[in-house]
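The file target32.cif comes next; it holds mmCIF, C-alpha atoms.
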data_model
loop_
_atom_site.group_PDB
_atom_site.id
_atom_site.type_symbol
_atom_site.label_atom_id
_atom_site.label_comp_id
_atom_site.auth_asym_id
_atom_site.auth_seq_id
_atom_site.Cartn_x
_atom_site.Cartn_y
_atom_site.Cartn_z
ATOM 1 C CA MET A 1 293.848 -129.026 -24.582
ATOM 2 C CA ASP A 2 290.127 -128.661 -24.052
ATOM 3 C CA ILE A 3 288.902 -125.331 -22.713
ATOM 4 C CA LEU A 4 286.914 -126.189 -19.610
ATOM 5 C CA PRO A 5 284.136 -124.226 -17.905
ATOM 6 C CA GLY A 6 285.674 -121.640 -15.607
ATOM 7 C CA TYR A 7 289.043 -121.849 -17.370
ATOM 8 C CA ILE A 8 290.467 -118.522 -18.509
ATOM 9 C CA ALA A 9 293.067 -118.203 -21.238
ATOM 10 C CA ALA A 10 295.625 -115.595 -20.216
ATOM 11 C CA ASP A 11 294.918 -113.413 -23.246
ATOM 12 C CA THR A 12 291.123 -113.334 -22.906
ATOM 13 C CA ILE A 13 290.594 -111.868 -19.458
ATOM 14 C CA GLY A 14 290.396 -108.206 -18.591
ATOM 15 C CA ALA A 15 290.891 -106.249 -15.389
ATOM 16 C CA LEU A 16 287.387 -104.813 -15.087
ATOM 17 C CA LYS A 17 286.128 -107.402 -12.632
ATOM 18 C CA GLY A 18 287.536 -107.280 -9.103
ATOM 19 C CA ARG A 19 289.168 -110.582 -8.134
ATOM 20 C CA ILE A 20 290.836 -112.254 -5.200
ATOM 21 C CA ALA A 21 293.511 -114.719 -6.280
ATOM 22 C CA THR A 22 295.836 -117.398 -5.041
ATOM 23 C CA VAL A 23 298.606 -119.113 -6.986
ATOM 24 C CA GLY A 24 299.982 -122.621 -7.066
ATOM 25 C CA MET A 25 300.579 -125.711 -9.135
ATOM 26 C CA PHE A 26 297.765 -127.460 -7.216
ATOM 27 C CA ASP A 27 298.968 -130.867 -8.381
ATOM 28 C CA GLY A 28 296.430 -133.381 -7.103
ATOM 29 C CA VAL A 29 294.083 -130.679 -5.750
ATOM 30 C CA HIS A 30 294.475 -132.422 -2.385
ATOM 31 C CA LEU A 31 292.830 -131.565 0.947
ATOM 32 C CA GLY A 32 295.434 -128.909 1.730
ATOM 33 C CA HIS A 33 294.764 -127.184 -1.585
ATOM 34 C CA ARG A 34 291.033 -127.383 -0.981
ATOM 35 C CA HIS A 35 291.465 -125.741 2.418
ATOM 36 C CA ILE A 36 293.230 -122.766 0.803
ATOM 37 C CA LEU A 37 290.639 -122.525 -1.967
ATOM 38 C CA ARG A 38 287.735 -122.640 0.505
ATOM 39 C CA SER A 39 289.424 -119.815 2.405
ATOM 40 C CA LEU A 40 289.764 -117.914 -0.874
ATOM 41 C CA VAL A 41 286.072 -118.343 -1.687
ATOM 42 C CA ASN A 42 285.020 -117.198 1.783
ATOM 43 C CA ALA A 43 287.310 -114.163 1.682
ATOM 44 C CA GLY A 44 285.953 -113.289 -1.756
ATOM 45 C CA MET A 45 282.376 -113.414 -0.498
ATOM 46 C CA ASP A 46 283.265 -111.096 2.392
ATOM 47 C CA ARG A 47 284.846 -108.571 0.018
ATOM 48 C CA GLY A 48 282.582 -108.861 -3.012
ATOM 49 C CA LEU A 49 285.476 -110.196 -5.119
ATOM 50 C CA THR A 50 285.495 -113.092 -7.561
ATOM 51 C CA PRO A 51 287.749 -115.966 -6.364
ATOM 52 C CA MET A 52 290.331 -117.021 -8.950
ATOM 53 C CA ALA A 53 293.010 -119.720 -8.830
ATOM 54 C CA VAL A 54 296.176 -118.998 -10.806
ATOM 55 C CA THR A 55 298.003 -122.117 -11.942
ATOM 56 C CA PHE A 56 300.502 -123.209 -14.584
ATOM 57 C CA LEU A 57 300.441 -125.313 -17.716
ATOM 58 C CA ARG A 58 303.801 -126.853 -16.811
ATOM 59 C CA HIS A 59 305.567 -127.212 -13.492
ATOM 60 C CA PRO A 60 307.786 -124.183 -12.695
ATOM 61 C CA LEU A 61 310.700 -126.514 -11.862
ATOM 62 C CA ARG A 62 310.904 -127.471 -15.541
ATOM 63 C CA VAL A 63 311.992 -123.898 -16.262
ATOM 64 C CA ILE A 64 313.790 -123.059 -13.013
ATOM 65 C CA ALA A 65 315.848 -126.283 -12.917
ATOM 66 C CA PRO A 66 315.591 -127.954 -16.348
ATOM 67 C CA SER A 67 318.482 -130.315 -15.597
ATOM 68 C CA ARG A 68 316.566 -131.940 -12.735
ATOM 69 C CA GLN A 69 314.608 -135.092 -13.359
ATOM 70 C CA THR A 70 311.040 -134.251 -14.273
ATOM 71 C CA LEU A 71 308.611 -135.091 -11.498
ATOM 72 C CA PRO A 72 305.551 -137.129 -12.451
ATOM 73 C CA THR A 73 302.262 -135.392 -11.775
ATOM 74 C CA VAL A 74 299.446 -136.662 -9.578
ATOM 75 C CA THR A 75 296.978 -135.064 -11.994
ATOM 76 C CA THR A 76 297.206 -134.125 -15.657
ATOM 77 C CA THR A 77 296.413 -130.535 -16.611
ATOM 78 C CA SER A 78 292.874 -131.453 -17.681
ATOM 79 C CA GLU A 79 292.284 -133.420 -14.473
ATOM 80 C CA ARG A 80 293.640 -130.544 -12.394
ATOM 81 C CA LEU A 81 291.359 -127.985 -14.051
ATOM 82 C CA ARG A 82 288.315 -130.204 -13.637
ATOM 83 C CA LEU A 83 289.101 -130.775 -9.970
ATOM 84 C CA LEU A 84 289.687 -127.060 -9.382
ATOM 85 C CA GLU A 85 286.184 -126.482 -10.732
ATOM 86 C CA THR A 86 284.774 -128.574 -7.892
ATOM 87 C CA THR A 87 286.296 -126.424 -5.136
ATOM 88 C CA GLY A 88 283.869 -123.527 -5.415
ATOM 89 C CA ILE A 89 286.211 -121.066 -7.136
ATOM 90 C CA SER A 90 284.637 -119.111 -9.976
ATOM 91 C CA GLU A 91 287.614 -118.893 -12.323
ATOM 92 C CA CYS A 92 290.945 -120.517 -13.047
ATOM 93 C CA LEU A 93 293.719 -118.662 -14.836
ATOM 94 C CA LEU A 94 296.173 -120.997 -16.600
ATOM 95 C CA LEU A 95 299.567 -119.441 -17.302
ATOM 96 C CA ASP A 96 302.519 -120.920 -19.149
ATOM 97 C CA PHE A 97 305.430 -120.657 -16.726
ATOM 98 C CA ASP A 98 308.266 -119.452 -18.938
ATOM 99 C CA SER A 99 311.509 -117.523 -18.493
ATOM 100 C CA ARG A 100 309.619 -114.230 -18.396
ATOM 101 C CA LEU A 101 307.434 -115.351 -15.509
ATOM 102 C CA MET A 102 310.456 -116.861 -13.786
ATOM 103 C CA ARG A 103 312.166 -113.442 -13.708
ATOM 104 C CA LEU A 104 309.234 -111.632 -12.094
ATOM 105 C CA SER A 105 309.698 -110.443 -8.548
ATOM 106 C CA ALA A 106 306.856 -110.775 -6.050
ATOM 107 C CA ARG A 107 306.053 -107.102 -6.651
ATOM 108 C CA ASP A 108 306.045 -107.516 -10.430
ATOM 109 C CA PHE A 109 303.862 -110.615 -10.177
ATOM 110 C CA LEU A 110 301.292 -108.864 -7.984
ATOM 111 C CA ARG A 111 301.356 -105.813 -10.250
ATOM 112 C CA MET A 112 300.737 -108.016 -13.299
ATOM 113 C CA LEU A 113 297.769 -109.688 -11.586
ATOM 114 C CA ARG A 114 296.361 -106.290 -10.612
ATOM 115 C CA ASP A 115 296.774 -104.585 -13.965
ATOM 116 C CA SER A 116 295.963 -107.475 -16.305
ATOM 117 C CA TYR A 117 293.504 -109.532 -14.294
ATOM 118 C CA GLY A 118 291.822 -107.154 -11.871
ATOM 119 C CA VAL A 119 293.243 -108.715 -8.706
ATOM 120 C CA ARG A 120 292.455 -106.587 -5.646
ATOM 121 C CA ALA A 121 293.335 -109.144 -2.963
ATOM 122 C CA PHE A 122 295.783 -112.046 -2.863
ATOM 123 C CA MET A 123 295.926 -115.066 -0.576
ATOM 124 C CA THR A 124 298.978 -117.217 0.109
ATOM 125 C CA GLY A 125 299.068 -120.634 1.676
ATOM 126 C CA PHE A 126 300.447 -120.866 5.182
ATOM 127 C CA ASN A 127 304.039 -121.291 4.027
ATOM 128 C CA ASN A 128 304.205 -120.897 0.250
ATOM 129 C CA LYS A 129 306.316 -118.411 -1.712
ATOM 130 C CA PHE A 130 305.946 -116.635 -5.030
ATOM 131 C CA GLY A 131 308.141 -114.409 -7.185
ATOM 132 C CA ASN A 132 311.859 -114.830 -7.828
ATOM 133 C CA ASP A 133 312.899 -113.329 -4.467
ATOM 134 C CA MET A 134 312.315 -116.460 -2.416
ATOM 135 C CA THR A 135 313.859 -115.039 0.767
ATOM 136 C CA LEU A 136 310.828 -112.829 1.352
ATOM 137 C CA GLY A 137 308.451 -113.636 4.198
ATOM 138 C CA PHE A 138 304.766 -112.957 4.637
ATOM 139 C CA ASP A 139 305.379 -109.550 6.269
ATOM 140 C CA ASP A 140 307.345 -108.550 3.162
ATOM 141 C CA TYR A 141 304.438 -109.631 0.967
ATOM 142 C CA VAL A 142 302.039 -107.546 3.064
ATOM 143 C CA ARG A 143 304.231 -104.465 2.660
ATOM 144 C CA ILE A 144 304.736 -104.937 -1.093
ATOM 145 C CA ALA A 145 301.048 -105.644 -1.687
ATOM 146 C CA ALA A 146 300.037 -102.513 0.251
ATOM 147 C CA ASP A 147 302.317 -100.448 -2.005
ATOM 148 C CA GLU A 148 300.423 -101.886 -5.007
ATOM 149 C CA ASP A 149 296.983 -101.323 -3.436
ATOM 150 C CA ILE A 150 296.394 -105.057 -2.995
ATOM 151 C CA GLU A 151 295.205 -106.665 0.227
ATOM 152 C CA MET A 152 297.475 -109.554 1.258
ATOM 153 C CA LEU A 153 295.928 -112.469 3.160
ATOM 154 C CA ARG A 154 297.257 -115.774 4.426
ATOM 155 C CA ALA A 155 295.267 -118.968 4.791
ATOM 156 C CA THR A 156 295.518 -120.829 8.066
ATOM 157 C CA CYS A 157 297.612 -123.991 8.284
ATOM 158 C CA PHE A 158 295.626 -127.093 7.410
ATOM 159 C CA GLU A 159 296.124 -129.707 10.130
ATOM 160 C CA PRO A 160 293.548 -132.505 9.923
ATOM 161 C CA SER A 161 293.524 -134.672 13.026
ATOM 162 C CA HIS A 162 293.663 -137.964 11.090
ATOM 163 C CA HIS A 163 296.993 -137.170 9.377
ATOM 164 C CA LYS A 164 300.311 -137.360 11.197
ATOM 165 C CA THR A 165 302.249 -135.857 8.285
ATOM 166 C CA ILE A 166 301.774 -132.637 6.359
ATOM 167 C CA ILE A 167 299.666 -133.135 3.254
ATOM 168 C CA SER A 168 301.602 -132.214 0.118
ATOM 169 C CA SER A 169 301.799 -133.204 -3.526
ATOM 170 C CA SER A 170 305.305 -134.603 -2.982
ATOM 171 C CA SER A 171 304.188 -136.846 -0.100
ATOM 172 C CA ILE A 172 301.303 -138.133 -2.236
ATOM 173 C CA ARG A 173 303.704 -138.873 -5.114
ATOM 174 C CA THR A 174 305.914 -140.845 -2.721
ATOM 175 C CA LEU A 175 303.006 -142.798 -1.265
ATOM 176 C CA ILE A 176 301.744 -143.840 -4.706
ATOM 177 C CA GLY A 177 304.916 -144.144 -6.767
ATOM 178 C CA ALA A 178 307.361 -145.520 -4.181
ATOM 179 C CA HIS A 179 305.099 -147.450 -1.807
ATOM 180 C CA GLY A 180 301.888 -148.205 -3.695
ATOM 181 C CA ASN A 181 299.961 -146.923 -0.691
ATOM 182 C CA VAL A 182 296.957 -145.688 -2.645
ATOM 183 C CA GLU A 183 294.743 -145.855 0.463
ATOM 184 C CA GLU A 184 296.708 -143.261 2.433
ATOM 185 C CA ALA A 185 297.108 -141.183 -0.736
ATOM 186 C CA ALA A 186 293.307 -141.225 -1.128
ATOM 187 C CA ARG A 187 292.920 -139.908 2.416
ATOM 188 C CA MET A 188 295.239 -137.007 1.555
ATOM 189 C CA LEU A 189 293.555 -136.356 -1.785
ATOM 190 C CA GLY A 190 290.039 -136.644 -0.408
ATOM 191 C CA ARG A 191 289.260 -139.177 -3.168
ATOM 192 C CA PRO A 192 290.903 -142.222 -4.799
ATOM 193 C CA PHE A 193 293.849 -141.712 -7.134
ATOM 194 C CA THR A 194 292.869 -142.222 -10.781
ATOM 195 C CA LEU A 195 294.695 -143.106 -13.959
ATOM 196 C CA SER A 196 293.105 -142.499 -17.369
ATOM 197 C CA GLY A 197 294.022 -143.652 -20.828
ATOM 198 C CA THR A 198 292.955 -145.537 -23.924
ATOM 199 C CA VAL A 199 292.546 -149.307 -24.231
ATOM 200 C CA ILE A 200 295.062 -150.693 -26.711
ATOM 201 C CA HIS A 201 295.793 -154.150 -28.114
ATOM 202 C CA GLY A 202 298.285 -156.201 -26.131
ATOM 203 C CA LYS A 203 299.526 -159.762 -26.589
ATOM 204 C CA ALA A 204 296.284 -161.298 -25.240
ATOM 205 C CA LEU A 205 298.224 -163.414 -22.736
ATOM 206 C CA GLY A 206 295.539 -162.999 -20.080
ATOM 207 C CA ARG A 207 292.936 -164.396 -22.429
ATOM 208 C CA THR A 208 294.905 -167.665 -22.697
ATOM 209 C CA ILE A 209 294.323 -168.375 -18.988
ATOM 210 C CA GLY A 210 290.728 -167.174 -18.867
ATOM 211 C CA PHE A 211 291.341 -163.644 -17.573
ATOM 212 C CA PRO A 212 291.338 -161.222 -20.525
ATOM 213 C CA THR A 213 292.848 -157.841 -19.762
ATOM 214 C CA ALA A 214 292.534 -154.324 -21.110
ATOM 215 C CA ASN A 215 295.938 -152.801 -21.777
ATOM 216 C CA ILE A 216 295.977 -149.071 -21.087
ATOM 217 C CA ALA A 217 298.075 -146.368 -22.735
ATOM 218 C CA THR A 218 297.996 -143.397 -20.361
ATOM 219 C CA ASP A 219 296.802 -139.974 -21.489
ATOM 220 C CA SER A 220 300.013 -138.222 -20.439
ATOM 221 C CA PRO A 221 303.649 -139.399 -20.282
ATOM 222 C CA ASP A 222 304.084 -137.215 -17.188
ATOM 223 C CA LYS A 223 301.309 -138.897 -15.200
ATOM 224 C CA LEU A 224 302.335 -140.682 -12.003
ATOM 225 C CA ILE A 225 302.179 -144.484 -12.224
ATOM 226 C CA PRO A 226 301.751 -146.488 -9.009
ATOM 227 C CA LEU A 227 304.443 -148.863 -7.773
ATOM 228 C CA LYS A 228 304.545 -152.198 -9.572
ATOM 229 C CA GLY A 229 302.056 -154.674 -8.183
ATOM 230 C CA VAL A 230 298.447 -155.826 -8.244
ATOM 231 C CA TYR A 231 295.679 -153.410 -7.248
ATOM 232 C CA ALA A 232 291.978 -153.588 -6.521
ATOM 233 C CA CYS A 233 290.382 -150.885 -8.657
ATOM 234 C CA GLN A 234 287.190 -149.616 -10.176
ATOM 235 C CA ALA A 235 287.106 -149.301 -13.965
ATOM 236 C CA ILE A 236 285.100 -146.342 -15.243
ATOM 237 C CA MET A 237 284.027 -146.430 -18.892
ATOM 238 C CA PRO A 238 282.895 -143.014 -20.186
ATOM 239 C CA SER A 239 281.980 -144.511 -23.561
ATOM 240 C CA HIS A 240 279.469 -146.869 -21.911
ATOM 241 C CA ASN A 241 277.378 -144.427 -19.877
ATOM 242 C CA GLY A 242 280.079 -144.146 -17.245
ATOM 243 C CA ASP A 243 279.671 -147.788 -16.203
ATOM 244 C CA ILE A 244 281.763 -148.676 -13.145
ATOM 245 C CA LEU A 245 282.981 -152.256 -12.730
ATOM 246 C CA PRO A 246 285.467 -153.875 -10.324
ATOM 247 C CA ALA A 247 288.884 -154.482 -11.842
ATOM 248 C CA VAL A 248 292.083 -156.314 -10.929
ATOM 249 C CA VAL A 249 294.931 -154.177 -12.242
ATOM 250 C CA ASN A 250 298.498 -155.362 -12.721
ATOM 251 C CA ILE A 251 301.275 -152.817 -13.135
ATOM 252 C CA GLY A 252 304.563 -154.400 -14.122
ATOM 253 C CA ASP A 253 306.308 -156.519 -16.724
ATOM 254 C CA CYS A 254 304.463 -159.882 -16.680
ATOM 255 C CA PRO A 255 307.371 -162.006 -15.384
ATOM 256 C CA THR A 256 305.446 -165.317 -15.510
ATOM 257 C CA PHE A 257 305.346 -165.181 -19.305
ATOM 258 C CA ASN A 258 308.998 -164.032 -19.631
ATOM 259 C CA ASP A 259 307.651 -161.294 -21.850
ATOM 260 C CA ASN A 260 310.609 -158.918 -21.369
ATOM 261 C CA ARG A 261 308.299 -156.015 -21.984
ATOM 262 C CA SER A 262 308.500 -152.559 -20.473
ATOM 263 C CA ARG A 263 306.090 -151.645 -17.691
ATOM 264 C CA SER A 264 302.490 -152.234 -18.661
ATOM 265 C CA ILE A 265 299.127 -151.411 -17.096
ATOM 266 C CA GLU A 266 296.622 -154.231 -17.527
ATOM 267 C CA ALA A 267 293.124 -154.404 -16.088
ATOM 268 C CA HIS A 268 290.980 -157.519 -15.827
ATOM 269 C CA ILE A 269 287.527 -155.931 -15.609
ATOM 270 C CA ILE A 270 285.164 -158.235 -13.758
ATOM 271 C CA GLY A 271 281.784 -158.560 -15.479
ATOM 272 C CA LEU A 272 282.814 -156.826 -18.706
ATOM 273 C CA ASN A 273 280.993 -158.362 -21.670
ATOM 274 C CA HIS A 274 281.756 -156.037 -24.566
ATOM 275 C CA ASP A 275 284.712 -154.868 -26.635
ATOM 276 C CA ILE A 276 286.393 -151.689 -25.384
ATOM 277 C CA TYR A 277 289.450 -151.511 -27.666
ATOM 278 C CA GLY A 278 290.190 -147.914 -28.590
ATOM 279 C CA MET A 279 287.882 -146.636 -25.869
ATOM 280 C CA PRO A 280 288.787 -144.300 -22.974
ATOM 281 C CA LEU A 281 289.111 -145.919 -19.560
ATOM 282 C CA THR A 282 289.709 -144.534 -16.085
ATOM 283 C CA LEU A 283 291.031 -146.676 -13.238
ATOM 284 C CA ARG A 284 290.165 -145.667 -9.685
ATOM 285 C CA PHE A 285 292.725 -147.232 -7.314
ATOM 286 C CA LEU A 286 291.313 -148.579 -4.043
ATOM 287 C CA LYS A 287 294.015 -150.813 -2.523
ATOM 288 C CA ARG A 288 297.297 -152.524 -3.354
ATOM 289 C CA VAL A 289 296.628 -156.267 -3.078
ATOM 290 C CA ARG A 290 300.101 -157.771 -3.526
ATOM 291 C CA ASP A 291 303.482 -157.548 -5.216
ATOM 292 C CA GLU A 292 303.871 -158.616 -8.805
ATOM 293 C CA ARG A 293 305.768 -161.894 -8.871
ATOM 294 C CA LYS A 294 306.762 -164.706 -11.193
ATOM 295 C CA PHE A 295 304.667 -167.852 -10.855
ATOM 296 C CA SER A 296 305.808 -171.407 -11.530
ATOM 297 C CA SER A 297 303.250 -171.873 -14.306
ATOM 298 C CA PRO A 298 300.363 -170.126 -16.071
ATOM 299 C CA GLN A 299 298.021 -172.354 -14.046
ATOM 300 C CA ALA A 300 299.476 -171.074 -10.768
ATOM 301 C CA LEU A 301 299.039 -167.515 -12.023
ATOM 302 C CA LYS A 302 295.426 -168.312 -12.979
ATOM 303 C CA GLU A 303 294.704 -169.573 -9.471
ATOM 304 C CA GLN A 304 296.212 -166.440 -7.923
ATOM 305 C CA ILE A 305 294.239 -164.112 -10.203
ATOM 306 C CA SER A 306 291.062 -165.899 -9.132
ATOM 307 C CA ILE A 307 291.977 -165.069 -5.515
ATOM 308 C CA ASP A 308 292.792 -161.483 -6.538
ATOM 309 C CA CYS A 309 289.326 -161.200 -8.109
ATOM 310 C CA ASP A 310 287.642 -162.330 -4.888
ATOM 311 C CA ILE A 311 289.658 -159.781 -2.878
ATOM 312 C CA THR A 312 288.856 -157.056 -5.386
ATOM 313 C CA LEU A 313 285.132 -157.795 -5.280
ATOM 314 C CA GLU A 314 285.184 -157.589 -1.478
ATOM 315 C CA ILE A 315 287.077 -154.275 -1.528
ATOM 316 C CA ASN A 316 284.671 -152.863 -4.110
ATOM 317 C CA HIS A 317 281.722 -153.953 -1.988
ATOM 318 C CA LYS A 318 283.147 -152.163 1.035
ATOM 319 C CA ALA A 319 283.836 -149.065 -1.091
ATOM 320 C CA HIS A 320 280.128 -148.841 -1.950
ATOM 321 C CA GLN A 321 278.999 -149.112 1.659
ATOM 322 C CA PRO A 322 278.005 -145.823 3.375
#
Encoding of this model in structure tokens:
Amino acid sequence: MDILPGYIAADTIGALKGRIATVGMFDGVHLGHRHILRSLVNAGMDRGLTPMAVTFLRHPLRVIAPSRQTLPTVTTTSERLRLLETTGISECLLLDFDSRLMRLSARDFLRMLRDSYGVRAFMTGFNNKFGNDMTLGFDDYVRIAADEDIEMLRATCFEPSHHKTIISSSSIRTLIGAHGNVEEAARMLGRPFTLSGTVIHGKALGRTIGFPTANIATDSPDKLIPLKGVYACQAIMPSHNGDILPAVVNIGDCPTFNDNRSRSIEAHIIGLNHDIYGMPLTLRFLKRVRDERKFSSPQALKEQISIDCDITLEINHKAHQP
């Protein structure tokens, strides 16, 4: 994995600098996470401490409950670290959550942060827990932290007026993966959901009806994939100066062609006039347009894709309006 600016490998940081820390998986780096991290930055400024986010290379549940089905992630590790950089924190400590970390009590965890990473203050979210003694409450954390000469703080509850439900990574996963509601997910994330990968060769079926598609192999097998269907997106091409073009994206199994393939991600990029095979591509999801369905003929599918393109162009136009 690339080492990103602000990223700290666990074995390269000392305890000389005074830090204020918070811990979490921060999957998605959604608005709730950003609220906590803003609070961390502000508290650090008040105390002359460097704000640091502590996060994990893999989800703790993979170690705590390995028999459970692995949850897809809203963001890959690289995406998460890049997004954490945008929150105003100075440093991000990436730890590998293993059996040793799993056995640490809250006291042991705070002591480790103090002795190894110079943590002098620690902030929790409004209702999150840490350490293996999950029955502890915030008052217990305050008492334990005081024993270890660490100031314990708690961020206020984030309650934006335009959301009726609590913002969480799990609710965002449900919105995207089970309902395809990328618009509401974007409101919780504070930005559109994205999916990145590499353009690979497919069967060129779209080309036969006049709508060539870019088939995408995702960067991570753990990355969340939206519900099957057709989406209005923006295609971002880092290899071509970050060009952004409107794209109709189909996620599914191409039932019209009886292809019997596993789920694929195909993007018809409107206005694309060059070869992008083997190139990186990021899809920014704006709206779910319709269900994937089987059409009576390739011609009927062609007519529907033409309609999908018009809808996608309109959605992209609105997305660019102030």
Show which residues sit within 10 Å of Ile150 (chain A), as an mmCIF file with C-alpha atoms, in the coordinates of the input. Count only C-alpha atoms, and ignore same-chain residues fewer than 4 positions away.
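Below is the file selection08.cif, written as the result:
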data_model
loop_
_atom_site.group_PDB
_atom_site.id
_atom_site.type_symbol
_atom_site.label_atom_id
_atom_site.label_comp_id
_atom_site.auth_asym_id
_atom_site.auth_seq_id
_atom_site.Cartn_x
_atom_site.Cartn_y
_atom_site.Cartn_z
ATOM 1 C CA ILE A 20 290.836 -112.254 -5.200
ATOM 2 C CA LEU A 110 301.292 -108.864 -7.984
ATOM 3 C CA ARG A 111 301.356 -105.813 -10.250
ATOM 4 C CA LEU A 113 297.769 -109.688 -11.586
ATOM 5 C CA ARG A 114 296.361 -106.290 -10.612
ATOM 6 C CA VAL A 119 293.243 -108.715 -8.706
ATOM 7 C CA ARG A 120 292.455 -106.587 -5.646
ATOM 8 C CA ALA A 121 293.335 -109.144 -2.963
ATOM 9 C CA PHE A 122 295.783 -112.046 -2.863
ATOM 10 C CA VAL A 142 302.039 -107.546 3.064
ATOM 11 C CA ARG A 143 304.231 -104.465 2.660
ATOM 12 C CA ILE A 144 304.736 -104.937 -1.093
ATOM 13 C CA ALA A 145 301.048 -105.644 -1.687
ATOM 14 C CA ALA A 146 300.037 -102.513 0.251
#
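Counting all atoms listed in the file, the residue from A:Pro51, A:Pro280, A:Pro246, A:Pro298 that sits nearest to Glu314 (chain A) is A:Pro246.
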Compile the contact shell of Glu303 (chain A) as a list in words: residues with an atom at most 12 Å away, counting all atoms listed in the file, same-chain residues fewer than 6 positions apart removed. Ile209, Gly210, Phe211, Phe295, Ser296, Ser297, Cys309 and Asp310 of chain A
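If you count only C-alpha atoms and ignore residues fewer than 3 places along the chain from Arg284 (chain A), what sits within 8 Å of it is A:Pro192, A:Phe193, A:Thr194, A:Leu195, A:Cys233, A:Gln234, A:Ala235, A:Ile236.
If you look at CA of Asp308 (chain A) and CA of Glu184 (chain A), they are 20.7 Å away from each other.
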Here's the selection I'm unsure about, the PyMOL selection byres ((chain A and resi 24-32) around 8); applied to the file above, which residues does it give, as number ranges by chain? A: 22-23, 33-36, 53-56, 59, 73-75, 80, 83-84, 158, 167-169, 188-190
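Take CA of Thr87 (chain A) and CA of Glu148 (chain A): the distance between them is 28.3 Å.
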